[in-house]
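Enquirer: The following file, query-v7.cif, comprises mmCIF, C-alpha atoms; chains and numbers go by the auth columns:
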data_final
#
loop_
_atom_site.group_PDB
_atom_site.id
_atom_site.type_symbol
_atom_site.label_atom_id
_atom_site.label_comp_id
_atom_site.label_asym_id
_atom_site.label_seq_id
_atom_site.Cartn_x
_atom_site.Cartn_y
_atom_site.Cartn_z
_atom_site.B_iso_or_equiv
_atom_site.auth_seq_id
_atom_site.auth_asym_id
ATOM 1 C CA MET A 1 8.126 34.664 -140.513 0.00 7 A
ATOM 2 C CA GLU A 2 6.771 32.378 -137.813 0.00 8 A
ATOM 3 C CA GLY A 3 10.140 30.661 -137.318 0.00 9 A
ATOM 4 C CA GLN A 4 11.878 34.029 -137.049 0.00 10 A
ATOM 5 C CA GLY A 5 9.393 35.153 -134.355 0.00 11 A
ATOM 6 C CA LYS A 6 10.067 32.020 -132.312 0.00 12 A
ATOM 7 C CA ASP A 7 13.801 32.590 -132.679 0.00 13 A
ATOM 8 C CA ILE A 8 13.497 36.162 -131.408 0.00 14 A
ATOM 9 C CA LEU A 9 11.272 35.008 -128.544 0.00 15 A
ATOM 10 C CA ASN A 10 13.802 32.317 -127.603 0.00 16 A
ATOM 11 C CA ARG A 11 16.663 34.829 -127.603 0.00 17 A
ATOM 12 C CA VAL A 12 14.669 37.279 -125.463 0.00 18 A
ATOM 13 C CA THR A 13 13.734 34.489 -123.067 0.00 19 A
ATOM 14 C CA ASP A 14 17.351 33.314 -122.844 0.00 20 A
ATOM 15 C CA SER A 15 18.503 36.883 -122.199 0.00 21 A
ATOM 16 C CA ALA A 16 15.901 37.287 -119.466 0.00 22 A
ATOM 17 C CA HIS A 17 16.928 34.010 -117.832 0.00 23 A
ATOM 18 C CA SER A 18 20.570 35.045 -118.006 0.00 24 A
ATOM 19 C CA ALA A 19 19.795 38.423 -116.436 0.00 25 A
ATOM 20 C CA VAL A 20 17.817 36.781 -113.641 0.00 26 A
ATOM 21 C CA ASP A 21 20.650 34.311 -113.004 0.00 27 A
ATOM 22 C CA ARG A 22 23.229 37.137 -112.824 0.00 28 A
ATOM 23 C CA PHE A 23 20.978 39.073 -110.448 0.00 29 A
ATOM 24 C CA ALA A 24 20.505 35.996 -108.246 0.00 30 A
ATOM 25 C CA ASP A 25 24.260 35.372 -108.188 0.00 31 A
ATOM 26 C CA LYS A 26 24.880 38.927 -106.997 0.00 32 A
ATOM 27 C CA ALA A 27 21.893 39.165 -104.663 0.00 33 A
ATOM 28 C CA GLY A 28 22.590 35.920 -102.808 0.00 34 A
ATOM 29 C CA PRO A 29 25.815 37.056 -101.104 0.00 35 A
ATOM 30 C CA ALA A 30 24.308 40.489 -100.402 0.00 36 A
ATOM 31 C CA VAL A 31 21.302 38.896 -98.694 0.00 37 A
ATOM 32 C CA GLN A 32 23.587 36.647 -96.636 0.00 38 A
ATOM 33 C CA LYS A 33 25.684 39.638 -95.623 0.00 39 A
ATOM 34 C CA LEU A 34 22.536 41.530 -94.640 0.00 40 A
ATOM 35 C CA GLU A 35 21.258 38.572 -92.613 0.00 41 A
ATOM 36 C CA SER A 36 24.608 38.339 -90.844 0.00 42 A
ATOM 37 C CA GLY A 37 24.545 42.056 -90.048 0.00 43 A
ATOM 38 C CA VAL A 38 21.013 41.816 -88.682 0.00 44 A
ATOM 39 C CA ALA A 39 21.987 38.836 -86.528 0.00 45 A
ATOM 40 C CA HIS A 40 24.981 40.715 -85.094 0.00 46 A
ATOM 41 C CA ALA A 41 22.868 43.811 -84.455 0.00 47 A
ATOM 42 C CA SER A 42 20.210 41.728 -82.735 0.00 48 A
ATOM 43 C CA GLU A 43 22.815 40.069 -80.529 0.00 49 A
ATOM 44 C CA ALA A 44 24.336 43.425 -79.608 0.00 50 A
ATOM 45 C CA LEU A 45 20.886 44.819 -78.831 0.00 51 A
ATOM 46 C CA HIS A 46 20.091 41.884 -76.537 0.00 52 A
ATOM 47 C CA GLU A 47 23.413 42.320 -74.751 0.00 53 A
ATOM 48 C CA GLN A 48 22.771 46.046 -74.292 0.00 54 A
ATOM 49 C CA ALA A 49 19.260 45.364 -72.967 0.00 55 A
ATOM 50 C CA GLN A 50 20.666 42.867 -70.460 0.00 56 A
ATOM 51 C CA HIS A 51 23.299 45.398 -69.396 0.00 57 A
ATOM 52 C CA LEU A 52 20.622 48.060 -68.893 0.00 58 A
ATOM 53 C CA ARG A 53 18.513 45.650 -66.824 0.00 59 A
ATOM 54 C CA GLU A 54 21.503 44.913 -64.627 0.00 60 A
ATOM 55 C CA ARG A 55 22.257 48.627 -64.229 0.00 61 A
ATOM 56 C CA GLY A 56 18.605 49.259 -63.326 0.00 62 A
ATOM 57 C CA ASP A 57 18.735 46.523 -60.699 0.00 63 A
ATOM 58 C CA GLU A 58 21.943 47.983 -59.268 0.00 64 A
ATOM 59 C CA TRP A 59 20.425 51.471 -59.162 0.00 65 A
ATOM 60 C CA THR A 60 17.248 50.181 -57.479 0.00 66 A
ATOM 61 C CA GLN A 61 19.289 48.346 -54.867 0.00 67 A
ATOM 62 C CA SER A 62 21.380 51.466 -54.264 0.00 68 A
ATOM 63 C CA VAL A 63 18.269 53.609 -53.767 0.00 69 A
ATOM 64 C CA ARG A 64 16.787 51.049 -51.360 0.00 70 A
ATOM 65 C CA GLU A 65 19.992 50.985 -49.347 0.00 71 A
ATOM 66 C CA THR A 66 20.108 54.791 -49.207 0.00 72 A
ATOM 67 C CA VAL A 67 16.479 54.925 -48.027 0.00 73 A
ATOM 68 C CA ARG A 68 17.227 52.337 -45.322 0.00 74 A
ATOM 69 C CA GLN A 69 20.252 54.304 -44.127 0.00 75 A
ATOM 70 C CA HIS A 70 18.523 57.730 -44.216 0.00 76 A
ATOM 71 C CA PRO A 71 14.757 57.229 -43.893 0.00 77 A
ATOM 72 C CA LEU A 72 13.892 60.730 -42.645 0.00 78 A
ATOM 73 C CA SER A 73 15.932 62.454 -45.346 0.00 79 A
ATOM 74 C CA SER A 74 14.339 60.199 -47.942 0.00 80 A
ATOM 75 C CA VAL A 75 10.818 61.067 -46.822 0.00 81 A
ATOM 76 C CA LEU A 76 11.619 64.798 -46.789 0.00 82 A
ATOM 77 C CA LEU A 77 13.191 64.587 -50.240 0.00 83 A
ATOM 78 C CA ALA A 78 10.194 62.668 -51.603 0.00 84 A
ATOM 79 C CA PHE A 79 7.846 65.297 -50.133 0.00 85 A
ATOM 80 C CA ALA A 80 9.890 68.125 -51.695 0.00 86 A
ATOM 81 C CA VAL A 81 9.915 66.453 -55.109 0.00 87 A
ATOM 82 C CA GLY A 82 6.160 65.826 -54.889 0.00 88 A
ATOM 83 C CA ALA A 83 5.521 69.451 -53.961 0.00 89 A
ATOM 84 C CA LEU A 84 7.695 70.635 -56.849 0.00 90 A
ATOM 85 C CA VAL A 85 5.911 68.402 -59.348 0.00 91 A
ATOM 86 C CA ALA A 86 2.523 69.561 -58.060 0.00 92 A
ATOM 87 C CA ARG A 87 3.603 73.189 -58.372 0.00 93 A
ATOM 88 C CA VAL A 88 4.919 72.744 -61.920 0.00 94 A
ATOM 89 C CA THR A 89 1.824 70.897 -63.155 0.00 95 A
ATOM 90 C CA ARG A 90 -0.653 73.534 -61.939 0.00 96 A
#
Let's see the structure in the file written out as structure tokens.
Expert:
Amino acid sequence: MEGQGKDILNRVTDSAHSAVDRFADKAGPAVQKLESGVAHASEALHEQAQHLRERGDEWTQSVRETVRQHPLSSVLLAFAVGALVARVTR
């Protein structure tokens, strides 16, 4: 009986090892593919962030130039926007 129990235990252990090995063989490429996808997404996100920073800088420069060219209009517009915001938040 004792020898038969060891034999069953050995077969179960071998089956478990085999199942783990098959899982590892399948999971390895999937993990690598996932890592690659995350790396590409991260790179794209950094590029988009840089693009948005550049666009923000361009917009800021454009607003500064407009204010320099039309200072009185800019002050009046800022006053009107401030009055509107104050009116809405009351």
Enquirer: Do you have the atom CA of Glu49 of chain A-atom CA of Thr66 of chain A distance handy?
Expert: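 Answer for the atom CA of Glu49 of chain A to atom CA of Thr66 of chain A separation: 25.8 Å.
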Enquirer: Atom CA of Ala86 of chain A and atom CA of Glu71 of chain A are how many Å apart?
Expert: 20.0 Å
Enquirer: Rounded to one decimal, what separation in Å do you get between atom CA of Asp27 of chain A and atom CA of His46 of chain A?
Expert: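 These atoms are spaced 29.0 Å apart.
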